[in-house]
>>> print(open('coords.csv').read())   # CSV, C-alpha atoms and all ligand atoms
chain,number,residue,atom,x,y,z
A,25,MET,CA,55.7,114.6,97.3
A,26,ARG,CA,53.6,111.5,97.2
A,27,ARG,CA,55.5,108.3,97.4
A,28,GLN,CA,55.3,106.2,94.3
A,29,SER,CA,55.3,102.5,94.2
A,30,PRO,CA,58.5,101.0,92.7
A,31,PHE,CA,56.5,99.7,89.8
A,32,ALA,CA,55.2,103.2,89.0
A,33,LYS,CA,58.7,104.6,89.3
A,34,TYR,CA,60.2,102.2,86.8
A,35,LEU,CA,57.2,102.7,84.5
A,36,ILE,CA,57.6,106.5,84.5
A,37,VAL,CA,61.3,106.4,84.0
A,38,GLU,CA,60.9,104.0,81.0
A,39,SER,CA,57.7,105.5,79.6
A,40,GLY,CA,59.7,107.3,76.9
A,41,VAL,CA,61.3,104.2,75.5
A,42,LEU,CA,58.1,102.2,75.8
A,43,LEU,CA,56.2,104.8,73.8
A,44,ILE,CA,58.9,104.9,71.1
A,45,VAL,CA,58.9,101.1,70.7
A,46,ALA,CA,55.0,101.0,70.8
A,47,VAL,CA,54.7,103.6,68.1
A,48,LEU,CA,57.3,101.8,65.9
A,49,VAL,CA,55.7,98.4,66.3
A,50,GLY,CA,52.2,99.8,65.8
A,51,GLY,CA,53.4,101.6,62.7
A,52,LEU,CA,55.2,98.4,61.5
A,53,ALA,CA,52.0,96.4,62.0
A,54,ALA,CA,49.8,99.0,60.3
A,55,VAL,CA,52.1,99.2,57.2
A,56,ARG,CA,53.4,95.6,56.9
A,57,LEU,CA,50.3,93.6,57.7
A,58,PRO,CA,48.2,94.6,54.6
A,59,ALA,CA,51.3,94.1,52.4
A,60,ALA,CA,52.2,90.7,53.9
A,61,HIS,CA,48.6,89.4,54.0
A,62,PRO,CA,46.6,91.0,51.3
A,63,GLY,CA,42.9,90.5,50.8
A,64,ARG,CA,41.7,90.8,54.4
A,65,SER,CA,39.3,93.4,55.7
A,66,ALA,CA,40.5,96.6,57.3
A,67,SER,CA,39.1,95.6,60.6
A,68,GLN,CA,41.2,92.4,60.6
A,69,TYR,CA,44.4,94.4,60.1
A,70,LEU,CA,43.2,96.8,62.8
A,71,VAL,CA,42.5,94.0,65.3
A,72,ALA,CA,45.9,92.4,64.5
A,73,ALA,CA,47.7,95.7,65.1
A,74,LEU,CA,45.8,96.2,68.4
A,75,VAL,CA,46.6,92.7,69.5
A,76,THR,CA,50.3,93.4,68.7
A,77,LEU,CA,50.2,96.6,70.9
A,78,VAL,CA,48.4,94.9,73.8
A,79,ALA,CA,50.7,91.9,73.8
A,80,PHE,CA,53.7,94.3,73.7
A,81,GLY,CA,52.1,96.2,76.7
A,82,LEU,CA,51.9,92.9,78.7
A,83,CYS,CA,55.6,92.1,77.9
A,84,ALA,CA,56.5,95.7,79.0
A,85,VAL,CA,54.7,95.0,82.3
A,86,ALA,CA,56.8,91.8,82.7
A,87,HIS,CA,59.9,93.9,82.1
A,88,GLU,CA,59.0,96.5,84.8
A,89,LEU,CA,57.9,93.7,87.3
A,90,ALA,CA,61.3,92.0,86.8
A,91,HIS,CA,63.0,95.2,88.0
A,92,VAL,CA,60.7,95.4,91.0
A,93,VAL,CA,61.1,91.9,92.2
A,94,THR,CA,64.8,91.5,91.7
A,95,ARG,CA,67.1,92.6,94.6
A,96,GLY,CA,70.4,94.4,94.3
A,97,GLU,CA,71.2,97.4,92.1
A,98,LEU,CA,73.1,95.5,89.3
A,99,ALA,CA,70.8,92.5,89.2
A,100,GLY,CA,67.7,94.7,89.5
A,101,ALA,CA,68.7,96.9,86.6
A,102,ALA,CA,69.7,93.8,84.4
A,103,ALA,CA,66.5,91.9,85.2
A,104,GLY,CA,64.2,94.0,82.9
A,105,PRO,CA,66.3,93.7,79.7
A,106,LEU,CA,66.9,90.0,80.4
A,107,VAL,CA,63.2,89.3,80.6
A,108,SER,CA,62.6,91.3,77.4
A,109,LEU,CA,65.5,89.4,75.7
A,110,GLY,CA,64.0,86.0,76.9
A,111,LEU,CA,60.5,87.0,75.7
A,112,GLY,CA,62.0,88.2,72.3
A,113,GLY,CA,63.8,84.9,71.9
A,114,LEU,CA,60.8,82.8,72.9
A,115,LEU,CA,58.5,84.6,70.5
A,116,GLY,CA,61.2,84.4,67.7
A,117,VAL,CA,61.4,80.6,68.2
A,118,THR,CA,57.6,80.4,68.2
A,119,THR,CA,57.5,82.4,64.9
A,120,VAL,CA,59.9,80.0,63.3
A,121,VAL,CA,58.0,76.9,64.6
A,122,LEU,CA,54.7,78.3,63.4
A,123,THR,CA,56.2,79.2,60.0
A,124,VAL,CA,57.9,75.7,59.5
A,125,THR,CA,54.6,73.9,60.5
A,126,GLY,CA,52.8,76.0,57.8
A,127,ALA,CA,50.6,78.0,60.2
A,128,GLY,CA,50.7,81.2,58.1
A,129,GLY,CA,48.4,84.1,58.6
A,130,LEU,CA,48.2,87.3,60.6
A,131,SER,CA,48.9,85.6,64.0
A,132,VAL,CA,52.4,84.5,62.9
A,133,SER,CA,53.2,88.1,61.9
A,134,VAL,CA,51.8,89.4,65.2
A,135,THR,CA,54.0,86.9,67.1
A,136,ALA,CA,57.1,88.1,65.1
A,137,TYR,CA,56.3,91.8,65.6
A,138,VAL,CA,55.9,91.4,69.4
A,139,GLY,CA,59.1,89.4,69.5
A,140,LEU,CA,60.9,92.1,67.6
A,141,ALA,CA,59.5,94.8,69.9
A,142,ASN,CA,60.8,92.9,73.0
A,143,LEU,CA,64.3,92.7,71.4
A,144,ALA,CA,64.1,96.4,70.6
A,145,LEU,CA,63.1,97.2,74.2
A,146,ALA,CA,66.0,95.2,75.6
A,147,ALA,CA,68.5,96.8,73.2
A,148,VAL,CA,67.3,100.4,73.9
A,149,THR,CA,67.1,100.0,77.7
A,150,LEU,CA,70.6,98.5,77.7
A,151,LEU,CA,72.1,101.7,76.3
A,152,PRO,CA,73.9,103.6,79.0
A,153,GLY,CA,72.1,106.7,80.3
A,154,GLU,CA,71.6,108.4,83.6
A,155,SER,CA,68.4,106.5,84.5
A,156,SER,CA,68.4,103.7,81.8
A,157,ASP,CA,68.9,100.1,82.8
A,158,GLY,CA,72.2,100.0,81.0
A,159,GLY,CA,73.3,103.2,82.7
A,160,ARG,CA,72.4,101.8,86.2
A,161,MET,CA,74.2,98.6,85.4
A,162,LEU,CA,77.3,100.5,84.3
A,163,ARG,CA,77.2,102.7,87.4
A,164,ALA,CA,76.7,99.8,89.8
A,165,TRP,CA,79.6,97.9,88.1
A,166,ILE,CA,82.0,100.9,88.2
A,167,TRP,CA,81.0,101.6,91.8
A,168,ARG,CA,81.6,98.0,92.7
A,169,THR,CA,85.0,97.9,91.0
A,170,THR,CA,86.3,101.3,92.1
A,171,GLY,CA,84.4,101.9,95.3
A,172,ASP,CA,83.8,105.5,94.0
A,173,ALA,CA,80.1,106.5,93.7
A,174,ARG,CA,80.8,109.9,92.1
A,175,ARG,CA,83.2,108.4,89.5
A,176,ALA,CA,80.5,105.8,88.7
A,177,SER,CA,77.8,108.4,88.1
A,178,ARG,CA,80.2,110.4,85.9
A,179,GLY,CA,81.2,107.4,83.9
A,180,ALA,CA,77.6,106.4,83.3
A,181,THR,CA,76.6,109.9,82.3
A,182,ARG,CA,79.5,110.3,79.9
A,183,ALA,CA,78.8,107.0,78.3
A,184,GLY,CA,75.1,108.0,77.9
A,185,HIS,CA,76.0,111.3,76.3
A,186,ALA,CA,78.5,109.6,73.9
A,187,ILE,CA,76.0,106.9,72.8
A,188,GLY,CA,73.1,109.4,72.6
A,189,TYR,CA,74.9,111.9,70.3
A,190,ALA,CA,76.4,109.0,68.2
A,191,PHE,CA,72.8,107.7,67.6
A,192,LEU,CA,71.5,111.2,66.8
A,193,LEU,CA,74.4,111.7,64.3
A,194,GLY,CA,73.7,108.3,62.8
A,195,GLY,CA,70.0,109.2,62.6
A,196,VAL,CA,70.7,112.5,60.7
A,197,VAL,CA,73.2,110.7,58.4
A,198,SER,CA,70.6,108.0,57.6
A,199,LEU,CA,67.9,110.6,57.0
A,200,VAL,CA,70.2,112.5,54.6
A,201,GLY,CA,71.1,109.2,52.9
A,202,GLY,CA,67.4,108.5,52.4
A,203,ALA,CA,66.9,105.7,55.0
A,204,ALA,CA,63.9,107.5,56.6
A,205,VAL,CA,62.7,104.7,59.0
A,206,VAL,CA,66.2,103.8,60.3
A,207,GLY,CA,67.0,107.5,60.5
A,208,ILE,CA,64.0,108.4,62.6
A,209,TRP,CA,64.5,105.4,64.8
A,210,LEU,CA,68.2,106.2,65.5
A,211,ALA,CA,67.4,109.9,66.0
A,212,LEU,CA,64.6,109.2,68.5
A,213,THR,CA,66.7,106.7,70.4
A,214,GLY,CA,69.6,109.1,70.5
A,215,TRP,CA,67.4,111.9,71.7
A,216,PHE,CA,65.9,109.7,74.4
A,217,VAL,CA,69.3,108.6,75.7
A,218,ALA,CA,70.9,112.0,75.5
A,219,ALA,CA,67.8,114.0,76.8
A,220,GLN,CA,67.4,112.0,80.0
A,221,LEU,CA,70.8,113.0,81.2
B,301,ZN,ZN,64.0,98.5,82.3
>>> encode(input="coords.csv", output="structure tokens")
Amino acid sequence: MRRQSPFAKYLIVESGVLLIVAVLVGGLAAVRLPAAHPGRSASQYLVAALVTLVAFGLCAVAHELAHVVTRGELAGAAAGPLVSLGLGGLLGVTTVVLTVTGAGGLSVSVTAYVGLANLALAAVTLLPGESSDGGRMLRAWIWRTTGDARRASRGATRAGHAIGYAFLLGGVVSLVGGAAVVGIWLALTGWFVAAQL
């Protein structure tokens, strides 16, 4: 088998979650932008949605690069979600500052959506699973504290299953209860976490 670069390896492992977040933030931009900023041309909404997706893509690259350049299993796994959390916080503060200073318009919404997408990426990748960042952190931590590699893998896998099925169940309950967007998001996330095990 051809050897993959560490960057490509992380990107492939996390492509599912990146796709889920990209579809959600793209959908959010497409639906919310015309409602929040009425009276613009269709091409303006389209450009703003595309800018949102491209900016999120760049933030995702930063997440993957953080994994690659950080040494150590626990620190390397934690680096990606930490970068996403930092970017999410930074963009959140930027959104607040722009809003307070009266700079309305599409760009403020785009900043807010990209910030939200980063926070979502951090949250989903921190969920424990066989190959998720949270799962690798949990496995490295159990391994370090017990010195038992097999027990560490089992612990991370079980935690991933439990979280995945809990999210799937939460998604189905939300869908039945009429909360379609939340339901689909929970179900997709649960499926992602449970299926990769
Ligand atoms: Zn990651």
>>> residues_around(input="coords.csv", residues="Val75 of chain A", least_positions_apart="2", cutoff="10 Å", atoms="all atoms listed in the file", output="number ranges by chain")
A: 50, 53, 69-73, 77-81, 131, 134-135, 138
>>> closest_atom_pairs(input="coords.csv", of="chain A", to="ligand ZN 301 (chain B)", cutoff="10 Å", atoms="all atoms listed in the file", output="Markdown table")
| residue | atom | partner | partner_atom | distance |
| --- | --- | --- | --- | --- |
| A:Tyr34 | CA | B:ZN301 | ZN | 7.0 |
| A:Leu35 | CA | B:ZN301 | ZN | 8.3 |
| A:Val37 | CA | B:ZN301 | ZN | 8.5 |
| A:Glu38 | CA | B:ZN301 | ZN | 6.4 |
| A:Ser39 | CA | B:ZN301 | ZN | 9.8 |
| A:Val41 | CA | B:ZN301 | ZN | 9.3 |
| A:Leu42 | CA | B:ZN301 | ZN | 9.5 |
| A:Ala84 | CA | B:ZN301 | ZN | 8.7 |
| A:Val85 | CA | B:ZN301 | ZN | 9.9 |
| A:Ala86 | CA | B:ZN301 | ZN | 9.8 |
| A:His87 | CA | B:ZN301 | ZN | 6.2 |
| A:Glu88 | CA | B:ZN301 | ZN | 5.9 |
| A:Leu89 | CA | B:ZN301 | ZN | 9.2 |
| A:Ala90 | CA | B:ZN301 | ZN | 8.4 |
| A:His91 | CA | B:ZN301 | ZN | 6.7 |
| A:Val92 | CA | B:ZN301 | ZN | 9.8 |
| A:Gly100 | CA | B:ZN301 | ZN | 8.9 |
| A:Ala101 | CA | B:ZN301 | ZN | 6.6 |
| A:Ala102 | CA | B:ZN301 | ZN | 7.7 |
| A:Ala103 | CA | B:ZN301 | ZN | 7.6 |
| A:Gly104 | CA | B:ZN301 | ZN | 4.5 |
| A:Pro105 | CA | B:ZN301 | ZN | 5.9 |
| A:Leu106 | CA | B:ZN301 | ZN | 9.2 |
| A:Val107 | CA | B:ZN301 | ZN | 9.4 |
| A:Ser108 | CA | B:ZN301 | ZN | 8.8 |
| A:Leu145 | CA | B:ZN301 | ZN | 8.3 |
| A:Ala146 | CA | B:ZN301 | ZN | 7.7 |
| A:Val148 | CA | B:ZN301 | ZN | 9.2 |
| A:Thr149 | CA | B:ZN301 | ZN | 5.7 |
| A:Leu150 | CA | B:ZN301 | ZN | 8.0 |
| A:Ser155 | CA | B:ZN301 | ZN | 9.4 |
| A:Ser156 | CA | B:ZN301 | ZN | 6.8 |
| A:Asp157 | CA | B:ZN301 | ZN | 5.2 |
| A:Gly158 | CA | B:ZN301 | ZN | 8.4 |
| A:Arg160 | CA | B:ZN301 | ZN | 9.8 |
>>> atom_distance(input="coords.csv", atom1="atom CA of Ala54 of chain A", atom2="atom CA of Gln68 of chain A")
10.8 Å
>>> closest_residue(input="coords.csv", among="A:Gly96, A:Asp172, A:Ala218, A:Tyr137", to="Leu74 of chain A", atoms="only C-alpha atoms")
A:Tyr137
>>> residues_around(input="coords.csv", residues="Val196 of chain A", least_positions_apart="6", cutoff="10 Å", atoms="all atoms listed in the file", output="MDAnalysis selection string")
chainID A and resid 202:204 206:208 210:211
>>> atom_distance(input="coords.csv", atom1="atom CA of Leu162 of chain A", atom2="atom CA of Leu98 of chain A")
8.2 Å
>>> atom_distance(input="coords.csv", atom1="atom CA of Val205 of chain A", atom2="atom CA of Phe191 of chain A")
13.6 Å
>>> closest_residue(input="coords.csv", among="A:Leu115, A:Leu109, A:Ala141, A:Ala164", to="Val47 of chain A", atoms="all atoms listed in the file")
A:Ala141
>>> closest_residue(input="coords.csv", among="A:Leu140, A:Glu97, A:Leu130, A:Arg163", to="Gly116 of chain A", atoms="all atoms listed in the file")
A:Leu140
>>> build_atoms(input="coords.csv", residues="segment 173-188 of chain A", atoms="N, CA and C atoms", output="PDB file, in the frame of the given file")
ATOM      1  N   ALA A 173      81.488 106.252  94.192  1.00  0.00           N
ATOM      2  CA  ALA A 173      80.100 106.500  93.700  1.00  0.00           C
ATOM      3  C   ALA A 173      80.075 107.610  92.685  1.00  0.00           C
ATOM      4  N   ARG A 174      80.848 108.691  92.978  1.00  0.00           N
ATOM      5  CA  ARG A 174      80.800 109.900  92.100  1.00  0.00           C
ATOM      6  C   ARG A 174      81.381 109.548  90.726  1.00  0.00           C
ATOM      7  N   ARG A 175      82.504 108.824  90.761  1.00  0.00           N
ATOM      8  CA  ARG A 175      83.200 108.400  89.500  1.00  0.00           C
ATOM      9  C   ARG A 175      82.215 107.519  88.700  1.00  0.00           C
ATOM     10  N   ALA A 176      81.477 106.661  89.398  1.00  0.00           N
ATOM     11  CA  ALA A 176      80.500 105.800  88.700  1.00  0.00           C
ATOM     12  C   ALA A 176      79.446 106.524  88.027  1.00  0.00           C
ATOM     13  N   SER A 177      78.869 107.547  88.709  1.00  0.00           N
ATOM     14  CA  SER A 177      77.800 108.400  88.100  1.00  0.00           C
ATOM     15  C   SER A 177      78.338 109.110  86.892  1.00  0.00           C
ATOM     16  N   ARG A 178      79.572 109.675  87.048  1.00  0.00           N
ATOM     17  CA  ARG A 178      80.200 110.400  85.900  1.00  0.00           C
ATOM     18  C   ARG A 178      80.389 109.517  84.739  1.00  0.00           C
ATOM     19  N   GLY A 179      80.896 108.319  84.996  1.00  0.00           N
ATOM     20  CA  GLY A 179      81.200 107.400  83.900  1.00  0.00           C
ATOM     21  C   GLY A 179      79.912 107.008  83.156  1.00  0.00           C
ATOM     22  N   ALA A 180      78.815 106.744  83.893  1.00  0.00           N
ATOM     23  CA  ALA A 180      77.600 106.400  83.300  1.00  0.00           C
ATOM     24  C   ALA A 180      76.989 107.518  82.444  1.00  0.00           C
ATOM     25  N   THR A 181      77.086 108.759  83.006  1.00  0.00           N
ATOM     26  CA  THR A 181      76.600 109.900  82.300  1.00  0.00           C
ATOM     27  C   THR A 181      77.338 110.185  81.017  1.00  0.00           C
ATOM     28  N   ARG A 182      78.671 110.090  81.103  1.00  0.00           N
ATOM     29  CA  ARG A 182      79.500 110.300  79.900  1.00  0.00           C
ATOM     30  C   ARG A 182      79.204 109.289  78.822  1.00  0.00           C
ATOM     31  N   ALA A 183      79.082 108.029  79.240  1.00  0.00           N
ATOM     32  CA  ALA A 183      78.800 107.000  78.300  1.00  0.00           C
ATOM     33  C   ALA A 183      77.437 107.227  77.611  1.00  0.00           C
ATOM     34  N   GLY A 184      76.449 107.682  78.410  1.00  0.00           N
ATOM     35  CA  GLY A 184      75.100 108.000  77.900  1.00  0.00           C
ATOM     36  C   GLY A 184      75.162 109.104  76.862  1.00  0.00           C
ATOM     37  N   HIS A 185      75.900 110.196  77.199  1.00  0.00           N
ATOM     38  CA  HIS A 185      76.000 111.300  76.300  1.00  0.00           C
ATOM     39  C   HIS A 185      76.641 110.845  74.949  1.00  0.00           C
ATOM     40  N   ALA A 186      77.756 110.092  75.051  1.00  0.00           N
ATOM     41  CA  ALA A 186      78.500 109.600  73.900  1.00  0.00           C
ATOM     42  C   ALA A 186      77.566 108.795  72.972  1.00  0.00           C
ATOM     43  N   ILE A 187      76.873 107.833  73.588  1.00  0.00           N
ATOM     44  CA  ILE A 187      76.000 106.900  72.800  1.00  0.00           C
ATOM     45  C   ILE A 187      74.829 107.743  72.223  1.00  0.00           C
ATOM     46  N   GLY A 188      74.219 108.622  73.044  1.00  0.00           N
ATOM     47  CA  GLY A 188      73.100 109.400  72.600  1.00  0.00           C
ATOM     48  C   GLY A 188      73.413 110.246  71.365  1.00  0.00           C
TER      49      GLY A 188
END
